[in-house]
Every structure is written in structure tokens, then in C-alpha cells.
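Just upload.pdb here, PDB, C-alpha atoms and all ligand atoms:
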ATOM      1  CA  MET A 179      -3.028 168.895  93.081  1.00  0.00           C
ATOM      2  CA  ALA A 180       0.106 167.065  94.195  1.00  0.00           C
ATOM      3  CA  ASP A 181      -1.101 164.049  92.242  1.00  0.00           C
ATOM      4  CA  ALA A 182      -1.482 165.857  88.925  1.00  0.00           C
ATOM      5  CA  PRO A 183       1.078 164.653  86.383  1.00  0.00           C
ATOM      6  CA  ASP A 184       2.227 168.215  85.767  1.00  0.00           C
ATOM      7  CA  SER A 185       2.590 169.201  89.408  1.00  0.00           C
ATOM      8  CA  LEU A 186       5.919 170.287  90.789  1.00  0.00           C
ATOM      9  CA  PHE A 187       7.106 169.550  94.312  1.00  0.00           C
ATOM     10  CA  GLU A 188      10.297 168.706  96.169  1.00  0.00           C
ATOM     11  CA  GLY A 189      11.078 165.032  95.782  1.00  0.00           C
ATOM     12  CA  ARG A 190       9.386 164.682  92.405  1.00  0.00           C
ATOM     13  CA  THR A 191      11.450 162.454  90.141  1.00  0.00           C
ATOM     14  CA  PHE A 192      12.086 162.420  86.408  1.00  0.00           C
ATOM     15  CA  PHE A 193      13.499 159.492  84.452  1.00  0.00           C
ATOM     16  CA  ASP A 194      15.985 161.609  82.539  1.00  0.00           C
ATOM     17  CA  ASN A 195      16.710 165.118  81.308  1.00  0.00           C
ATOM     18  CA  GLU A 196      14.376 164.630  78.348  1.00  0.00           C
ATOM     19  CA  GLU A 197      11.409 163.949  80.621  1.00  0.00           C
ATOM     20  CA  PHE A 198      12.360 166.905  82.785  1.00  0.00           C
ATOM     21  CA  SER A 199      12.649 169.187  79.739  1.00  0.00           C
ATOM     22  CA  SER A 200       9.253 168.199  78.385  1.00  0.00           C
ATOM     23  CA  PHE A 201       7.810 168.724  81.866  1.00  0.00           C
ATOM     24  CA  LEU A 202       9.220 172.265  81.845  1.00  0.00           C
ATOM     25  CA  ARG A 203       7.588 172.863  78.483  1.00  0.00           C
ATOM     26  CA  LYS A 204       4.250 171.807  79.976  1.00  0.00           C
ATOM     27  CA  ARG A 205       4.729 174.271  82.806  1.00  0.00           C
ATOM     28  CA  GLN A 206       5.410 176.983  80.253  1.00  0.00           C
ATOM     29  CA  GLU A 207       1.973 176.375  78.789  1.00  0.00           C
ATOM     30  CA  ILE A 208       0.495 177.593  82.069  1.00  0.00           C
ATOM     31  CA  GLY A 209       2.869 180.562  82.075  1.00  0.00           C
ATOM     32  CA  GLU A 210       5.548 179.326  84.449  1.00  0.00           C
ATOM     33  CA  VAL A 211       8.793 179.843  82.580  1.00  0.00           C
ATOM     34  CA  TRP A 212      12.027 178.551  84.096  1.00  0.00           C
ATOM     35  CA  VAL A 213      15.415 179.741  82.945  1.00  0.00           C
ATOM     36  CA  LYS A 214      18.716 178.194  83.866  1.00  0.00           C
ATOM     37  CA  ASP A 215      20.465 180.012  86.682  1.00  0.00           C
ATOM     38  CA  ALA A 216      24.110 180.177  87.709  1.00  0.00           C
ATOM     39  CA  GLY A 217      25.770 177.130  89.195  1.00  0.00           C
ATOM     40  CA  GLY A 218      25.143 173.555  88.242  1.00  0.00           C
ATOM     41  CA  VAL A 219      27.440 170.731  87.196  1.00  0.00           C
ATOM     42  CA  SER A 220      27.169 168.622  84.062  1.00  0.00           C
ATOM     43  CA  ILE A 221      27.130 164.833  84.225  1.00  0.00           C
ATOM     44  CA  ALA A 222      30.263 164.782  82.083  1.00  0.00           C
ATOM     45  CA  ALA A 223      32.109 166.905  84.642  1.00  0.00           C
ATOM     46  CA  ALA A 224      30.725 164.917  87.563  1.00  0.00           C
ATOM     47  CA  ASN A 225      31.647 161.532  86.061  1.00  0.00           C
ATOM     48  CA  LYS A 226      35.147 162.748  85.282  1.00  0.00           C
ATOM     49  CA  LYS A 227      35.768 163.005  89.013  1.00  0.00           C
ATOM     50  CA  ILE A 228      34.459 159.506  89.773  1.00  0.00           C
ATOM     51  CA  GLN A 229      37.183 156.913  89.173  1.00  0.00           C
ATOM     52  CA  ASP A 230      34.979 153.813  89.370  1.00  0.00           C
ATOM     53  CA  PRO A 231      32.947 153.652  86.118  1.00  0.00           C
ATOM     54  CA  ASN A 232      30.351 151.542  87.932  1.00  0.00           C
ATOM     55  CA  LYS A 233      29.573 154.561  90.074  1.00  0.00           C
ATOM     56  CA  HIS A 234      29.131 156.950  87.189  1.00  0.00           C
ATOM     57  CA  PHE A 235      25.868 158.794  86.736  1.00  0.00           C
ATOM     58  CA  ARG A 236      23.692 157.918  83.770  1.00  0.00           C
ATOM     59  CA  THR A 237      24.660 160.290  80.983  1.00  0.00           C
ATOM     60  CA  ASP A 238      21.032 160.913  80.014  1.00  0.00           C
ATOM     61  CA  PHE A 239      20.647 162.853  83.267  1.00  0.00           C
ATOM     62  CA  VAL A 240      22.771 165.498  81.457  1.00  0.00           C
ATOM     63  CA  VAL A 241      23.213 167.446  84.682  1.00  0.00           C
ATOM     64  CA  GLN A 242      24.406 166.358  88.124  1.00  0.00           C
ATOM     65  CA  TYR A 243      22.512 169.312  89.387  1.00  0.00           C
ATOM     66  CA  ALA A 244      21.096 172.461  87.873  1.00  0.00           C
ATOM     67  CA  ASN A 245      19.462 175.581  89.223  1.00  0.00           C
ATOM     68  CA  PHE A 246      16.568 177.378  87.604  1.00  0.00           C
ATOM     69  CA  LYS A 247      14.858 180.630  88.332  1.00  0.00           C
ATOM     70  CA  CYS A 248      11.597 182.104  87.193  1.00  0.00           C
ATOM     71  CA  LEU A 249      11.814 184.171  84.027  1.00  0.00           C
ATOM     72  CA  HIS A 250      10.756 187.063  86.240  1.00  0.00           C
ATOM     73  CA  GLY A 251      13.351 186.309  88.891  1.00  0.00           C
ATOM     74  CA  GLY A 252      16.463 188.288  89.630  1.00  0.00           C
ATOM     75  CA  LYS A 253      16.950 191.910  90.357  1.00  0.00           C
ATOM     76  CA  HIS A 254      16.547 194.251  87.454  1.00  0.00           C
ATOM     77  CA  VAL A 255      19.367 196.746  87.107  1.00  0.00           C
ATOM     78  CA  PRO A 256      18.263 199.185  84.425  1.00  0.00           C
ATOM     79  CA  THR A 257      20.800 200.195  81.834  1.00  0.00           C
ATOM     80  CA  ALA A 258      20.560 202.831  79.142  1.00  0.00           C
ATOM     81  CA  LYS A 259      20.220 200.047  76.597  1.00  0.00           C
ATOM     82  CA  ASP A 260      17.004 198.483  77.937  1.00  0.00           C
ATOM     83  CA  ARG A 261      15.327 201.685  79.022  1.00  0.00           C
ATOM     84  CA  ASN A 262      13.029 201.386  76.031  1.00  0.00           C
ATOM     85  CA  LYS A 263      12.486 197.646  76.185  1.00  0.00           C
ATOM     86  CA  GLY A 264      11.044 197.345  79.655  1.00  0.00           C
ATOM     87  CA  SER A 265      12.162 194.529  81.904  1.00  0.00           C
ATOM     88  CA  LYS A 266      10.657 191.139  82.666  1.00  0.00           C
ATOM     89  CA  LYS A 267      12.463 190.931  85.980  1.00  0.00           C
ATOM     90  CA  PHE A 268      10.198 191.520  88.941  1.00  0.00           C
ATOM     91  CA  GLY A 269      12.516 189.968  91.513  1.00  0.00           C
ATOM     92  CA  CYS A 270      10.321 186.846  91.612  1.00  0.00           C
ATOM     93  CA  PRO A 271      11.692 184.550  94.360  1.00  0.00           C
ATOM     94  CA  CYS A 272      10.729 181.273  92.641  1.00  0.00           C
ATOM     95  CA  THR A 273      13.610 178.844  92.363  1.00  0.00           C
ATOM     96  CA  LEU A 274      14.001 175.250  91.286  1.00  0.00           C
ATOM     97  CA  GLN A 275      16.876 172.819  91.617  1.00  0.00           C
ATOM     98  CA  ILE A 276      17.161 169.308  90.217  1.00  0.00           C
ATOM     99  CA  SER A 277      19.849 166.788  91.119  1.00  0.00           C
ATOM    100  CA  ALA A 278      20.847 163.425  89.718  1.00  0.00           C
ATOM    101  CA  ASN A 279      20.264 160.708  92.305  1.00  0.00           C
ATOM    102  CA  ARG A 280      21.845 157.282  91.890  1.00  0.00           C
ATOM    103  CA  GLN A 281      19.734 155.614  94.596  1.00  0.00           C
ATOM    104  CA  GLU A 282      16.500 156.799  92.988  1.00  0.00           C
ATOM    105  CA  ASN A 283      18.018 156.314  89.535  1.00  0.00           C
ATOM    106  CA  ALA A 284      16.322 159.562  88.604  1.00  0.00           C
ATOM    107  CA  LEU A 285      16.585 163.305  88.462  1.00  0.00           C
ATOM    108  CA  VAL A 286      15.026 164.606  91.661  1.00  0.00           C
ATOM    109  CA  VAL A 287      13.601 168.028  92.465  1.00  0.00           C
ATOM    110  CA  THR A 288      15.746 168.995  95.444  1.00  0.00           C
ATOM    111  CA  LYS A 289      14.608 172.591  95.909  1.00  0.00           C
ATOM    112  CA  TYR A 290      11.422 174.278  94.890  1.00  0.00           C
ATOM    113  CA  ASN A 291      10.025 177.622  95.925  1.00  0.00           C
ATOM    114  CA  PRO A 292       6.572 177.924  94.303  1.00  0.00           C
ATOM    115  CA  GLU A 293       5.735 181.482  95.353  1.00  0.00           C
ATOM    116  CA  HIS A 294       5.545 183.673  92.269  1.00  0.00           C
ATOM    117  CA  ASN A 295       5.117 187.364  92.963  1.00  0.00           C
ATOM    118  CA  HIS A 296       3.244 187.949  89.693  1.00  0.00           C
ATOM    119  CA  GLU A 297       0.481 186.431  87.596  1.00  0.00           C
ATOM    120  CA  LEU A 298       1.285 183.422  85.450  1.00  0.00           C
ATOM    121  CA  VAL A 299       0.420 184.443  81.919  1.00  0.00           C
ATOM    122  CA  SER A 300       1.355 182.347  78.948  1.00  0.00           C
ATOM    123  CA  VAL A 301       3.125 184.452  76.351  1.00  0.00           C
ATOM    124  CA  ALA A 302       4.245 183.023  73.034  1.00  0.00           C
ATOM    125  CA  LEU A 303       7.498 184.956  72.897  1.00  0.00           C
ATOM    126  CA  GLU A 304       8.516 183.921  76.396  1.00  0.00           C
ATOM    127  CA  TYR A 305       7.681 180.337  75.523  1.00  0.00           C
ATOM    128  CA  ALA A 306       9.927 180.423  72.486  1.00  0.00           C
ATOM    129  CA  LEU A 307      12.780 182.038  74.376  1.00  0.00           C
ATOM    130  CA  ALA A 308      12.620 179.483  77.153  1.00  0.00           C
ATOM    131  CA  VAL A 309      12.448 176.470  74.848  1.00  0.00           C
ATOM    132  CA  CYS A 310      15.510 177.843  73.134  1.00  0.00           C
ATOM    133  CA  ALA A 311      17.323 178.218  76.450  1.00  0.00           C
ATOM    134  CA  PHE A 312      16.492 174.689  77.574  1.00  0.00           C
ATOM    135  CA  SER A 313      17.498 173.021  74.356  1.00  0.00           C
ATOM    136  CA  THR A 314      21.013 174.430  74.578  1.00  0.00           C
ATOM    137  CA  PRO A 315      21.922 174.245  78.268  1.00  0.00           C
ATOM    138  CA  LYS A 316      25.343 175.816  78.519  1.00  0.00           C
ATOM    139  CA  ILE A 317      26.504 173.534  81.316  1.00  0.00           C
ATOM    140  CA  ALA A 318      25.719 170.457  79.243  1.00  0.00           C
ATOM    141  CA  THR A 319      27.851 171.332  76.228  1.00  0.00           C
ATOM    142  CA  ALA A 320      31.212 170.384  77.773  1.00  0.00           C
ATOM    143  CA  HIS A 321      32.737 167.338  76.114  1.00  0.00           C
TER     144      HIS A 321
HETATM  145 ZN    ZN B 401       7.783 184.000  88.951  1.00  0.00          ZN
END
Produce C-alpha cells that represent the structure in this file.
Amino acid sequence: MADAPDSLFEGRTFFDNEEFSSFLRKRQEIGEVWVKDAGGVSIAAANKKIQDPNKHFRTDFVVQYANFKCLHGGKHVPTAKDRNKGSKKFGCPCTLQISANRQENALVVTKYNPEHNHELVSVALEYALAVCAFSTPKIATAH
């Protein structure tokens, strides 16, 4: 399984953010939906702090590092508003972190917890929501 092109494991590398994003879309087809979590630093912000331009990260990494959690991760705190909607948060412990790595010249999976506490079921709406979230990463919009 570790050899499958769509497998996810710590140390897996991606050429750039585009390859990583399309990989995430493939995972969504099997029902594993990652959403961006708190933290993370954009390449623009990281390069700003590096005086020597020769040591800058490639800008197509987009992120120096970024954290993701399962769509069903996080604790659900019910509010009056979503009482009727139902929640997708089951407190799933799955997490994923990628980091830009100059030695590898790649984005590297630096943390991965694969243990979902729920079934992986592909749902069209979740797919659409996640694609939307990945195409406009808020930490990558800084100029
Ligand atoms: Zn999960």
C-alpha cells in the first residue's frame, strides 16, 4: 500500500503545492477530506525573513508549512444556530502537516496521523466544500 501513488505517509514528497493539491483531491475521492487547520506560514512570509535570495524557498511551494485536519476533526461545540444542521465534527484525530524542504527540493509530509474514527464515505457536497477551501488557502493570499 505504501507504494501506491495515492498513498500518504510521513516523508512522502510533492514537487510543488499544485501536485499536493491534486493529491488531496484524489484522497477526497475515497472520502478522506482534509481542511486547512490553524497555524502555517506562507512562502512569501518565510522568504521575507531570509535575507539571502539564494536561500529563498521556491514560491511554487506556496506554504513553508501548513497543517490540515480531517473534515470530521475538531471538537463540536453546539450552538443554537447549528442545532438543526447537525455537525460533521466527530473529534476525528487525523492530522496532516506538510513542510517545504530545501534539501529535498520538495514539499514533505512531516506529520501524519492516519487513524480516522469514522468511515470514509465520499460525499459530493463535502468534496465541493473542500476543493473550494484548498483553492483559496488563506495563508497563501498574503502579498
Ligand atoms: Zn477523519
Next on the checklist: Neighbouring residues of ligand ZN 401 (chain B) are defined here as those with any atom at most 6 Å from a ligand atom, counting all atoms listed in the file; list them as an NGL selection string.
Outcome noted: :A and (248 or 250 or 270 or 272 or 294-295)
Checklist entry - Once the PyMOL selection byres (((chain A and resi 208) around 7) and not hetatm) has been applied to the shown file, what residues remain in the selection, as a list of chain:residue names? => result A:Arg205, A:Gln206, A:Glu207, A:Gly209, A:Glu210, A:Leu298, A:Val299, A:Ser300
Next on the checklist: Taking 3 positions as the minimum chain separation for residues in the same chain, which residues sit within 6 Å of Leu249 of chain A when counting all atoms listed in the file? Answer as number ranges by chain.
Outcome noted: A: 211-213
Item to check | Atomic distance atom CA of Lys253 of chain A - atom CA of Ala223 of chain A, expressed in Å with one decimal | outcome: 29.8 Å
Next on the checklist: Please enumerate the residues selected by the PyMOL selection byres (((chain A and resi 244) around 9) and not hetatm) when evaluated against the supplied file, formatted as a ChimeraX atom specification.
Outcome noted: /A:214-220,241-243,245-246,274-277,317
Export, as a short mmCIF file (atom, residue, chain, number, x, y, z; two decimals), keeping the file's coordinate frame, the selected residues with C-alpha atoms.
data_model
loop_
_atom_site.label_atom_id
_atom_site.label_comp_id
_atom_site.auth_asym_id
_atom_site.auth_seq_id
_atom_site.Cartn_x
_atom_site.Cartn_y
_atom_site.Cartn_z
CA LYS A 214 18.72 178.19 83.87
CA ASP A 215 20.46 180.01 86.68
CA ALA A 216 24.11 180.18 87.71
CA GLY A 217 25.77 177.13 89.20
CA GLY A 218 25.14 173.56 88.24
CA VAL A 219 27.44 170.73 87.20
CA SER A 220 27.17 168.62 84.06
CA VAL A 241 23.21 167.45 84.68
CA GLN A 242 24.41 166.36 88.12
CA TYR A 243 22.51 169.31 89.39
CA ASN A 245 19.46 175.58 89.22
CA PHE A 246 16.57 177.38 87.60
CA LEU A 274 14.00 175.25 91.29
CA GLN A 275 16.88 172.82 91.62
CA ILE A 276 17.16 169.31 90.22
CA SER A 277 19.85 166.79 91.12
CA ILE A 317 26.50 173.53 81.32
#
Checklist outcome for this item: re atom CA of Lys226 of chain A and atom CA of Ser200 of chain A: distance 27.3 Å
Checklist entry - On this structure, which residues satisfy the PyMOL selection byres (((chain A and resi 290) around 8) and not hetatm), written as a list in words? => result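 Those residues are Leu186, Phe187, Glu188, Cys272, Thr273, Leu274, Gln275, Val287, Thr288, Lys289, Asn291 and Pro292 of chain A.
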Checklist entry - In Å, with one decimal, what is the gap from atom CA of Ala284 of chain A to atom CA of Phe193 of chain A? => result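 Taking atom CA of Ala284 of chain A as the start and atom CA of Phe193 of chain A as the end point, the length is 5.0 Å.
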Next on the checklist: Just want the 10 Å neighbourhood of Thr237 of chain A, counted on all atoms listed in the file, with same-chain residues fewer than 6 positions away dropped. Output as a PyMOL selection string.
Outcome noted: chain A and resi 194-195+220-222+225
Those residues you just picked out, can you put them in a file as a PDB file, keeping the file's coordinate frame with C-alpha atoms?
ATOM      1  CA  ASP A 194      15.985 161.609  82.539  1.00  0.00           C
ATOM      2  CA  ASN A 195      16.710 165.118  81.308  1.00  0.00           C
ATOM      3  CA  SER A 220      27.169 168.622  84.062  1.00  0.00           C
ATOM      4  CA  ILE A 221      27.130 164.833  84.225  1.00  0.00           C
ATOM      5  CA  ALA A 222      30.263 164.782  82.083  1.00  0.00           C
ATOM      6  CA  ASN A 225      31.647 161.532  86.061  1.00  0.00           C
TER       7      ASN A 225
END
Next on the checklist: Please determine, counting only C-alpha atoms, which residue among A:Asn232, A:Leu202, A:Gly252, A:Phe239 has the shortest atom-to-atom distance to Val286 of chain A.
Outcome noted: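 Closest to Val286 of chain A of all the choices is A:Phe239.
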May I have the centre and edge lengths, in Å to one decimal, of an axis-aligned box around the listed atoms of segment 226-229 of chain A with 4 Å added to every side, as JSON?
{"center_x": 35.8, "center_y": 160.0, "center_z": 87.5, "size_x": 10.7, "size_y": 14.1, "size_z": 12.5}
